[in-house]
Each structure stands twice: as C-alpha cells, then as structure tokens.
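Notes follow once the structure below has been shown.
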There are 2 protein chains.
Amino acid sequence: METAATTLATLGQQAQQASYALGLLATKQKNTILLAMADALVAQQATILAANARDLENPKIPAKFVDRLTLTADRIQAMATGLRQVAALPDPIGNVDRAWRNEAGLMIAKERVPLGVIGMIFEARPNVTVDASALCFKTGNAVILRGGKEALYSNQALVQVLQGTLSAAGIDQYAIQLIQDTSHATAEKFMQLTDYVDVLIPRGSARLIQTVLAKATVPVIETGAGNCHVYVDQAAQLPMATAIIVNGKVQRPSVCNATEKVLIHRAVAADYLPTIITALRDQGVEVRGDAATQAIVPDVILATATDWRTEYNDLIIAIKVVDSEAEAITHINRYNTQHSEAIVTDNYQAGKLFQQRVNAACVYINASTRFTDGFEFGFGAEIGISTQKLHARGPMGLNELTSYKYIIDGNGQVRP
Amino acid sequence: METAATTLATLGQQAQQASYALGLLATKQKNTILLAMADALVAQQATILAANARDLENPKIPAKFVDRLTLTADRIQAMATGLRQVAALPDPIGNVDRAWRNEAGLMIAKERVPLGVIGMIFEARPNVTVDASALCFKTGNAVILRGGKEALYSNQALVQVLQGTLSAAGIDQYAIQLIQDTSHATAEKFMQLTDYVDVLIPRGSARLIQTVLAKATVPVIETGAGNCHVYVDQAAQLPMATAIIVNGKVQRPSVCNATEKVLIHRAVAADYLPTIITALRDQGVEVRGDAATQAIVPDVILATATDWRTEYNDLIIAIKVVDSEAEAITHINRYNTQHSEAIVTDNYQAGKLFQQRVNAACVYINASTRFTDGFEFGFGAEIGISTQKLHARGPMGLNELTSYKYIIDGNGQVRP
C-alpha cells in the first residue's frame with residue numbers, strides 16, 4: 001500500500017517533470033489552452049455542478065462555508081471569464097529585465113523564468129482551484145493544489161476538466177494536480193516536500209497561514225493578514241476622511257484590505273469623532289474605542305488590548321486618539337500586519353513622512369486601503385497579497401510568480 | 001539569569017528598532033560612515049590583531065581554519081578597501097522601479113526599501129563580519145551576525161570598531177550586532193527569531209547551509225552549493241573547451257563556482273578525452289570518469305554514483321561521456337545545485353537549447369563557470385550566490401538586499 005509520503009513524492013516528481021516542458025511553451029500555445037479550458041468548464045458544467053452538489057450534501061459543512069462552496073452556472077461562467085482574462089494578459093516569461101556586457105566581454109541577460117512547481121494551500125473555495133491553476137499555467141509553473149476537504153468533489157471535477165484540456169492539447173496533464181488526501185498529516189508532509197516544490201502560497205484564514213509558516217520547510221510566501229489603519233491627521237479634510245474610512249470598513253468587510261482601525265489626531269478628535277462614529281453606525285458598524293474616544297462619545301465600546309492586534313473581517317472597527325503623527329506611526333508599526341495603511345492629510349510633510357516611516361506593503365495618502373488589489377493596481381490578476389518582504393510584497397500578479405536566470409553568452413572567456 | 005532566548009530577543013528588538021532609523025538615512029551619511037569605519041579599522045588594528053592572536057592561540061582550531069582565520073595588517077587594509085568600495089557604490093534604497101497612475105487616478109510608485117533585519121550565519125572568516133556589515137548598512141538594513149566560534153574574539157573586536165564608528169556618528173550602534181553565545185542551541189533559536197529577523201543568509205559549507213534550511217522558520221536565502229558542469233558539445237572548439245574546463249577547475253578550486261564535472265559528447269570523446277585529461281593532470285587535478293571515459297583513458301579512477309552529486313571544492317574532477325545534448329541536460333538537471341552550468345559549442349541551436357533547458361542561476365555558452373560572482377557581474381559587491389528561485393538568484397549584490405513598498409498618492413479615492 002502506498003503511504004501518503006510516497007503518493008506526495010509521486011505528485012511532486014510528476015509536477016517537476018511537467019514543469020520542465022511548461023517553462024518552454026510559447027505564449028500563444030498557453031493562451032490557446034487557457035481559452036480551451038474556459039470552454040471546457042462551461043461545456044462540462046453539469047458534471048461540475050453534480051460534484052459540487054455532492055460536496056454540499058455533507059451535513060458537517062459549517063453554515064458559513066456554504067456560500068463560498070456553492071457553484072452555479074453563473075459562477076462557472078465567471079471562472080471561464082477569469083481564464084479568458086488570464087489568456088489576454090501579457091506573458092512575463094522570457095522578458096529580459098536587463099542585459100549588459102561585463103568587463104570580460106560576456107553578454108549577461110537577466111531573463112524571467114517560471115518558479116518551477118508551486119504549491120497552493122487553500123480553503124473550501126473551488127474558484128481558487130481554477131484561478132490558481134490559470135495563473136500558474138500562464139507563467140509556466142506546474143501547480144499542486146491542496147484545497148479544503150469540504151470542496152474535494154468540486155475540486156476533483158474542476159481539475160479533471162483542466163487536465164483533460166491539457167491532455168487534449170498534448171500537454172503533460174500533471175502540470176495541474178490535486179492532492180486527494182485532505183488529511184492534516186498529508187498537508188504537513190506537503191509543506192515539507194522540498195525536493196519537488198519550489199514555493200508554497202497559502203491562501204485563506206490567518207490560522208491556515210500561521211500553520212503553514214510554522215510547519216513548512218518549503219519557502220512560503222506569506223499572504224493575506226490585514227490589520228489596516230487609517231490615520232486622520234490634524235490637517236485632514238474631514239469629509240474625505242469619512243469617505244475613506246467608511247469605504248475601507250464597509251465596502252467589503254471580510255477581505256484583507258478592509259480598514260480595521262482608525263487613529264485620530266487629538267487636535268481634531270472632539271470635532272470629528274461624533275461625525276465618523278455616526279457615519280459608521282449608519283452603515284451598521286460596531287464602533288470600539290480607547291478611553292479618549294469614549295470620553296468624547298461615551299457609548300462606544302471600550303477597546304481592549306487585543307483589539308489593536310485583531311483583524312475583525314467584520315462590521316467592527318476600533319478608534320484610538322493619538323497625540324501626534326509620530327505616535328500614530330509607532331502604533332501602526334507595532335500592531336499592523338505590514339499590509340495597507342493610509343493617512344488622510346493635506347499637509348505635504350505629514351503625508352510623505354507617513355509613507356516613509358510606516359512599514360507596510362502599501363502606504364496611501366488620501367485613498368482607501370481597499371485599493372490594495374492586483375486588479376486595482378492594473379496587474380490584471382492576483383494570486384494573493386504578500387505581507388512579507390522577501391520576493392514579493394503587496395498584490396502578486398503574474399510577474400510575482402516568476403524567478404529569473406542569467407543567460408550568459410561568451411566567446412571563450414576565462415578568469416585571469 | 002538571562003536565558004539565550006531572552007538575550008536573542010533583546011538583540012532582535014534592538015536590531016528592529018535600529019532598522020527603522022537606518023532605512024531613512026541619506027546616502028551621503030551612510031557613505032561618510034562607511035569611510036569612517038574603514039579608517040577606524042586601520043587605526044585600531046593593534047586591538048584587532050591582538051584579539052585575532054587570542055583566537056589563534058586556541059589549540060583546538062583545525063589546521064584548515066588557520067589561514068582563513070588569520071588577520072594581518074594587509075588583510076585589515078583589504079577590509080578597509082572593501083568598505084571604501086561599498087561607500088562608492090550606488091545606493092539602491094529609494095530607487096523607484098516603476099511608477100504609474102491606475103484607473104482610479106492613484107499614482108502608484110514601487111520604491112526600494114531595506115529588508116529590515118538581516119541575520120548572517122557564517123564560519124570562522126572574520127572578513128565576512130566586516131563585509132556583511134558594510135553591505136547591510138549601505139542598504140539600510142540592521143544586521144545580526146553569528147560567526148564561527150573559532151573567530152569570536154576577532155569578531156568582537158571588529159564589531160566593536162564598527163559600533164564605535166556608528167555611535168560617534170550619532171547612529172544607533174545596534175545597527176550591527178554580534179551574537180556572543182556561539183552555542184548550537186542559540187544558533188537554532190536565532191534561526192527561529194521570526195518576530196525580529198526578516199531574512200537569514202547562511203554563508204559557508206554545504207553542511208552549515210543544510211542545517212539552516214532544516215531548522216530555520218525565518219525565511220532563508222539558500223546560498224553557495226555549487227556542483228557546476230561544463231558540457232563539451234560535438235560542435236565545440238576543443239582548445240576553447242580545455243581553457244574553460246582547466247580555468248573552471250584550477251583557478252580557485254575551493255569556491256562554489258568552480259567546475260566540478262565535465263560531460264563530453266560521444267562524437268568527440270575519443271579524440272578529446274586524452275587531451276583534456278592530460279591538461280587537467282598537468283595542473284595536479286585528480287581525474288575520475290565513468291566507464292566510457294575509462295574505456296578511452298584506462299588509468300582514470302572510476303567515478304561512483306555519489307561522485308555525480310559531490311561538490312569536491314578541491315583539485316578533483318569527474319568526467320562522463322554522453323550520447324547527446326539532451327542526455328547532458330537531463331544529467332545536469334538531475335545532479336546540479338542550480339548554480340552555474342556551461343556549454344562549449346559553436347552550434348547556435350545547441351547553445352540556446354542548453355541555456356533554455358538547464359535549470360540554474362547562470363547558464364553560459366563558451367565561458368568559464370568562474371564568472372558567477374557579484375564583482376565579475378559588475379555589481380561591485382557580493383553577499384553570496386543564491387541557489388534558490390525565490391527573491392534572488394545567482395550573485396547577490398546590494399539590490400538583492402532590498403525589498404520594496406508601494407507608495408500611493410491619492411486625492412480622496414474610494415472603491416466603488
């Protein structure tokens with residue numbers, strides 16, 4: 001009987017083998033296959049929906065998972081549209097970042113190449129299966145998917161369609177593979193498959209990401225946790241601050257670039273706190289605040305020490321009054337997740353200081369934190385938002401799924 | 001009593017605190033301090049040489065460490081020269097890779113920033129202490145150094161000089177710190193100091209690097225292992241091949257970009273093997289070979305299975321006869337360390353195919369593998385040679401010690 005480790009090693013070998021050929025595919029061929037995958041998903045939607053129905057029959061599925069897990073004809077159309085959009089994007093593979101001749105006369109070119117084999121670990125969202133497969137395929141990477149156990153039948157059906165399209169086009173179907181054994185033990189072994197997996201990208205809850213960071217020996221790109229702040233400077237246009245804070249909190253509260261905390265300069269706190277708290281409450285937001293906030297608006301809930309670290313992902317916000325911009329920056333650098341931070345100010349010095357000193361992937365003057373997104377940035381795609389400093393930071397598009405190699409042309413040079 | 005873990009946490013906190021100010025230093029100020037460090041090393045060489053003599057008194061020091069550990073007035077001058085060279089290099093911090101206006105009208109700039117806190121783990125080479133400190137300081141990073149225990153007194157003296165220069169210039173001396181406790185247990189805790197250390201760069205033997213990879217939870221940049229091949233194609237100019245192979249093996253056999261293996265196309269093997277083997281032996285190289293090589297030159301030592309994986313770092317080489325370029329590429333991708341690989345050929349197709357298909361940081365046509373080096377590449381510095389695909393690949397100069405952040409200027413934008 002095969003053990004989990006040997007099965008994973010087989011998946012890994014197959015992925016690595018597939019990756020060699022993938023890295024050499026012409027852009028046109030990759031795009032043709034992505035379009036064929038889109039057509040195949042729509043053509044085979046009955047099979048996919050049947051598999052999805054089987055997942056949804058499981059009585060153990062938590063109620064909050066049902067919506068994200070449910071597929072419909074419209075959602076399959078949306079997946080197909082996503083594949084067609086990826087096909088239309090420029091291919092970063094083969095781009096030369098720069099090329100130069102060195103002192104010895106060698107021509108050195110820094111050329112974009114795939115990372116190789118990418119491991120994706122995610123929760124019960126079948127759309128990630130298609131999305132991640134498309135982005136990895138477009139960038140010449142093989143992908144091994146480990147999705148949430150609640151979505152196993154759906155993921156199997158989706159991967160079968162994608163693999164079928166690959167095979168029909170004469171491409172190694174192991175370019176896209178799904179781990180069938182959704183046990184935690186196998187997931188942990190997957191995180192340590194250093195012989196075959198070049199990078200792991202976890203997508204999902206903070207807990208999932210922390211587990212991967214703790215267990216993985218394969219290099220990880222940390223994504224997703226967002227405890228994002230808006231600092232309202234004493235020189236802020238207050239109506240602009242309200243628009244930015246309400247948008248950041250309310251427009252889509254469950255996502256990582258939502259605004260979770262508001263810091264308000266003491267000079268404007270008495271004037272502004274009643275306004276912003278009313279505006280947030282009008283949108284159904286629960287407002288918590290420090291003692292200084294409570295002194296001005298007595299019925300806010302007193303924030304505890306843990307509030308400052310918490311990513312609510314919900315219609316909750318916490319407000320703190322600060323004595324200075326310096327205090328705001330220190331607070332942010334202490335409690336943030338290095339995701340997205342914003343200042344609202346009309347003071348040039350205050351704005352530039354904030355951008356320089358705040359330690360985060362994206363630092364805004366006078367804009368909503370919700371713009372931290374591959375599509376909003378114009379990348380045309382997004383595989384996640386990196387909150388680490390190594391390799392990629394902020395929204396990750398196709399270019400962030402590449403590495404490079406140096407291609408060096410000589411005519412007999414040796415080192416003296 | 002302080003435990004190792006609390007001491008490390010203190011070092012980490014101090015480094016992180018120092019890093020905030022370092023990232024904001026003007027280039028001119030950093031350069032002035034680097035020049036002052038150079039002067040201070042020379043001025044205080046008596047103290048440094050005395051500390052080094054104390055290290056060398058240790059009767060347990062293996063004979064092979066003595067040369068790399070020994071400091072002299074000339075070697076201190078060389079360190080000072082290195083510091084002055086780093087001062088003269090362009091500063092990558094604050095460079096904007098690109099900037100653009102997105103659809104919502106936000107101006108988005110991708111600006112180079114320091115990584116933050118860099119952990120360096122290395123062996124008994126005091127020059128690395130100065131070298132790594134200079135490169136990290138120039139790029140606005142705080143550094144925590146963990147050098148080999150045999151060099152502790154030397155490293156203490158060097159770090160004291162560097163810290164003294166920082167303090168005299170009004171800079172937080174904790175920008176450069178040395179771990180005083182050189183136990184393995186403390187080294188392991190250092191590798192897991194994720195709250196404070198942004199990246200670990202191990203420099204040294206394959207064993208050191210493997211230990212760091214296995215134990216670290218801090219992100220690691222894998223460096224240094226080099227099982228480099230030269231493939232002599234049937235269309236090679238054979239005298240050029242000889243010059244490239246002999247240079248690659250002999251010019252400095254102990255380093256990671258030395259040539260360790262030669263693959264020879266069968267069509268030229270009978271003609272060429274006696275020539276290349278004689279040329280290598282004339283330089284004192286021990287030649288091993290596969291059965292096909294032995295069939296042509298009977299007195300070569302038969303290579304075993306482990307030879308193909310071994311980085312000799314010595315005057316030893318192994319030769320294998322291959323039936324085709326495809327076999328050469330498959331062999332390389334199976335056994336190499338993704339460092340540097342070369343083909344010698346006058347055939348355009350063969351050369352380009354090799355560069356495309358070989359999985360390595362640097363792939364050469366008609367040049368010695370010895371060119372994989374930050375100085376030879378024109379970077380003006382080198383902190384190591386990355387053999388991984390994430391973040392940096394190949395020679396790492398100043399730019400590879402940076403991350404980036406997105407600086408975003410708006411005028412009230414919110415997401416619709």
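Every chain in the structure tokens takes a letter, A first, then B, and so on in the order presented; its residues are numbered from 1, and the ligands are numbered from 1 following the presented order.
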If DSSP is run on the backbone, what residues of segment 117-237 of chain A are helix (DSSP H, G or I)? A reply as a ChimeraX atom specification would be ideal. /A:126-138,149-168,173-175,184-190,206-215
Using only C-alpha atoms, I'd like every residue of chain A that has an atom within 8 Å of chain B; please write them out as a VMD selection string. chain A and resid 20 24 102 to 104 108 115 198 to 199 213 to 214 217 219 to 220 240 to 241 243 to 244 247 to 248 251 355 to 357 360 to 368 370 to 371 376 to 378 389 to 394 403 to 416
Could you list, as a list of chain:residue names, every residue within 10 Å of segment 151-153 of chain A, counting only C-alpha atoms and ignoring same-chain residues fewer than 6 positions away?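 Listed by chain and then number, they are A:Ile48, A:Leu49, A:Ala50, A:Ala51, A:Asn52, A:Ala53, A:Arg54, A:Asp55, A:Leu56, A:Ile61, A:Phe65, A:Arg68, A:Leu69, A:Thr70, A:Glu123, A:Ala124, A:Arg125, A:Pro126, A:Thr129, A:Val159, A:Leu178, A:Ile179, A:Gln180, A:Asp181, A:Thr182.
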Any chance you could export the current selection's C-alpha atoms as a PDB file, in the first residue's frame?
ATOM      1  CA  ILE A  48     -19.037  20.059 -12.112  1.00  0.00           C
ATOM      2  CA  LEU A  49     -22.357  21.069 -10.588  1.00  0.00           C
ATOM      3  CA  ALA A  50     -23.151  17.442  -9.763  1.00  0.00           C
ATOM      4  CA  ALA A  51     -19.832  17.075  -7.936  1.00  0.00           C
ATOM      5  CA  ASN A  52     -20.471  20.347  -6.140  1.00  0.00           C
ATOM      6  CA  ALA A  53     -23.932  19.143  -5.080  1.00  0.00           C
ATOM      7  CA  ARG A  54     -22.236  16.064  -3.587  1.00  0.00           C
ATOM      8  CA  ASP A  55     -19.929  18.322  -1.537  1.00  0.00           C
ATOM      9  CA  LEU A  56     -22.914  20.353  -0.348  1.00  0.00           C
ATOM     10  CA  ILE A  61     -20.278  21.664   6.413  1.00  0.00           C
ATOM     11  CA  PHE A  65     -18.807  27.771   4.234  1.00  0.00           C
ATOM     12  CA  ARG A  68     -18.252  30.210  -0.828  1.00  0.00           C
ATOM     13  CA  LEU A  69     -18.506  26.495  -1.628  1.00  0.00           C
ATOM     14  CA  THR A  70     -21.635  26.669  -3.760  1.00  0.00           C
ATOM     15  CA  GLU A 123      -9.791  26.547   1.929  1.00  0.00           C
ATOM     16  CA  ALA A 124     -13.180  25.492   0.600  1.00  0.00           C
ATOM     17  CA  ARG A 125     -13.304  27.924  -2.348  1.00  0.00           C
ATOM     18  CA  PRO A 126     -13.451  25.993  -5.632  1.00  0.00           C
ATOM     19  CA  THR A 129      -8.676  25.913  -7.917  1.00  0.00           C
ATOM     20  CA  VAL A 159      -9.104  19.602 -12.064  1.00  0.00           C
ATOM     21  CA  LEU A 178      -4.830  17.977  -6.826  1.00  0.00           C
ATOM     22  CA  ILE A 179      -3.908  16.307  -3.537  1.00  0.00           C
ATOM     23  CA  GLN A 180      -6.749  13.840  -2.990  1.00  0.00           C
ATOM     24  CA  ASP A 181      -5.905  13.025   0.605  1.00  0.00           C
ATOM     25  CA  THR A 182      -7.087  16.075   2.553  1.00  0.00           C
TER      26      THR A 182
END
Might you pull out every residue within 9 Å of Tyr312 of chain B, with only C-alpha atoms counted and same-chain residues fewer than 2 positions away left off, and present them as an NGL selection string? :B and (227 or 253-254 or 260 or 307 or 310 or 314-317)
Contact residues around Val321 of chain A with only C-alpha atoms at 9 Å, ignoring same-chain residues under 4 positions, as a PyMOL selection string: chain A and resi 262-266+269+289-293+328
Generate the output file for the selected residues, all heavy atoms, as an mmCIF file, in the first residue's frame.
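As a result, selection_31.cif now contains:
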data_model
loop_
_atom_site.group_PDB
_atom_site.id
_atom_site.type_symbol
_atom_site.label_atom_id
_atom_site.label_comp_id
_atom_site.auth_asym_id
_atom_site.auth_seq_id
_atom_site.Cartn_x
_atom_site.Cartn_y
_atom_site.Cartn_z
ATOM 1 N N VAL A 262 -8.905 52.989 13.174
ATOM 2 C CA VAL A 262 -8.810 54.407 12.852
ATOM 3 C C VAL A 262 -8.023 55.096 13.958
ATOM 4 O O VAL A 262 -8.300 54.884 15.147
ATOM 5 C CB VAL A 262 -10.218 55.037 12.719
ATOM 6 C CG1 VAL A 262 -10.110 56.543 12.485
ATOM 7 C CG2 VAL A 262 -10.991 54.378 11.585
ATOM 8 N N LEU A 263 -7.028 55.886 13.572
ATOM 9 C CA LEU A 263 -6.275 56.700 14.533
ATOM 10 C C LEU A 263 -6.597 58.154 14.215
ATOM 11 O O LEU A 263 -6.565 58.554 13.049
ATOM 12 C CB LEU A 263 -4.770 56.439 14.390
ATOM 13 C CG LEU A 263 -4.339 54.964 14.496
ATOM 14 C CD1 LEU A 263 -2.834 54.817 14.261
ATOM 15 C CD2 LEU A 263 -4.714 54.392 15.868
ATOM 16 N N ILE A 264 -6.937 58.930 15.258
ATOM 17 C CA ILE A 264 -7.359 60.309 15.032
ATOM 18 C C ILE A 264 -6.494 61.255 15.852
ATOM 19 O O ILE A 264 -6.287 61.031 17.057
ATOM 20 C CB ILE A 264 -8.859 60.483 15.402
ATOM 21 C CG1 ILE A 264 -9.703 59.598 14.450
ATOM 22 C CG2 ILE A 264 -9.284 61.956 15.289
ATOM 23 C CD1 ILE A 264 -11.187 59.689 14.688
ATOM 24 N N HIS A 265 -5.968 62.280 15.213
ATOM 25 C CA HIS A 265 -5.143 63.269 15.917
ATOM 26 C C HIS A 265 -6.014 64.010 16.941
ATOM 27 O O HIS A 265 -7.139 64.420 16.642
ATOM 28 C CB HIS A 265 -4.535 64.258 14.922
ATOM 29 C CG HIS A 265 -3.437 65.075 15.521
ATOM 30 N ND1 HIS A 265 -3.666 66.101 16.403
ATOM 31 C CD2 HIS A 265 -2.089 65.000 15.384
ATOM 32 C CE1 HIS A 265 -2.515 66.631 16.785
ATOM 33 N NE2 HIS A 265 -1.536 65.969 16.169
ATOM 34 N N ARG A 266 -5.450 64.171 18.127
ATOM 35 C CA ARG A 266 -6.200 64.775 19.225
ATOM 36 C C ARG A 266 -6.769 66.156 18.858
ATOM 37 O O ARG A 266 -7.865 66.526 19.306
ATOM 38 C CB ARG A 266 -5.308 64.889 20.482
ATOM 39 C CG ARG A 266 -6.075 65.206 21.765
ATOM 40 C CD ARG A 266 -5.189 65.120 23.010
ATOM 41 N NE ARG A 266 -4.638 63.782 23.235
ATOM 42 C CZ ARG A 266 -5.302 62.784 23.839
ATOM 43 N NH1 ARG A 266 -6.538 62.962 24.258
ATOM 44 N NH2 ARG A 266 -4.718 61.611 24.011
ATOM 45 N N ALA A 269 -10.047 65.482 17.268
ATOM 46 C CA ALA A 269 -10.845 64.368 17.804
ATOM 47 C C ALA A 269 -12.224 64.827 18.293
ATOM 48 O O ALA A 269 -13.246 64.209 17.971
ATOM 49 C CB ALA A 269 -10.086 63.671 18.927
ATOM 50 N N GLY A 289 -13.569 51.880 20.951
ATOM 51 C CA GLY A 289 -12.643 52.998 21.034
ATOM 52 C C GLY A 289 -11.824 52.969 22.308
ATOM 53 O O GLY A 289 -12.174 52.256 23.265
ATOM 54 N N ASP A 290 -10.735 53.729 22.324
ATOM 55 C CA ASP A 290 -9.933 53.824 23.541
ATOM 56 C C ASP A 290 -10.630 54.784 24.518
ATOM 57 O O ASP A 290 -11.691 55.348 24.203
ATOM 58 C CB ASP A 290 -8.493 54.261 23.222
ATOM 59 C CG ASP A 290 -8.420 55.683 22.712
ATOM 60 O OD1 ASP A 290 -9.484 56.238 22.337
ATOM 61 O OD2 ASP A 290 -7.314 56.246 22.670
ATOM 62 N N ALA A 291 -10.023 55.000 25.684
ATOM 63 C CA ALA A 291 -10.653 55.827 26.707
ATOM 64 C C ALA A 291 -10.885 57.249 26.206
ATOM 65 O O ALA A 291 -11.926 57.863 26.500
ATOM 66 C CB ALA A 291 -9.784 55.827 27.968
ATOM 67 N N ALA A 292 -9.939 57.774 25.447
ATOM 68 C CA ALA A 292 -10.071 59.144 24.946
ATOM 69 C C ALA A 292 -11.271 59.258 24.000
ATOM 70 O O ALA A 292 -11.985 60.263 23.997
ATOM 71 C CB ALA A 292 -8.786 59.574 24.239
ATOM 72 N N THR A 293 -11.492 58.230 23.206
ATOM 73 C CA THR A 293 -12.649 58.215 22.307
ATOM 74 C C THR A 293 -13.933 58.165 23.138
ATOM 75 O O THR A 293 -14.887 58.914 22.881
ATOM 76 C CB THR A 293 -12.569 56.986 21.367
ATOM 77 O OG1 THR A 293 -11.347 57.068 20.630
ATOM 78 C CG2 THR A 293 -13.748 56.925 20.409
ATOM 79 N N ALA A 328 1.054 57.885 15.979
ATOM 80 C CA ALA A 328 0.281 57.060 15.034
ATOM 81 C C ALA A 328 1.196 56.067 14.319
ATOM 82 O O ALA A 328 0.886 54.874 14.206
ATOM 83 C CB ALA A 328 -0.433 57.958 14.016
#
Based on the backbone DSSP call, show me all residues of segment 144-312 of chain B assigned strand (DSSP E), as a list in words.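 The residues of segment 144-312 of chain B classed as strand (DSSP E) are Ile144, Leu145, Arg146, Ile176, Gln177, Leu178, Val199, Leu200, Ile201, Pro202, Arg203, Cys228, His229, Val230, Tyr231, Val232, Thr259, Glu260, Lys261, Val262, Leu263, Ile264, His265, Glu286, Val287, Arg288, Gly289, Ile301 and Leu302 of chain B.
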What is the atom CA of Ile144 of chain B-atom CA of Val117 of chain B distance in Å, reported with one decimal? 7.4 Å
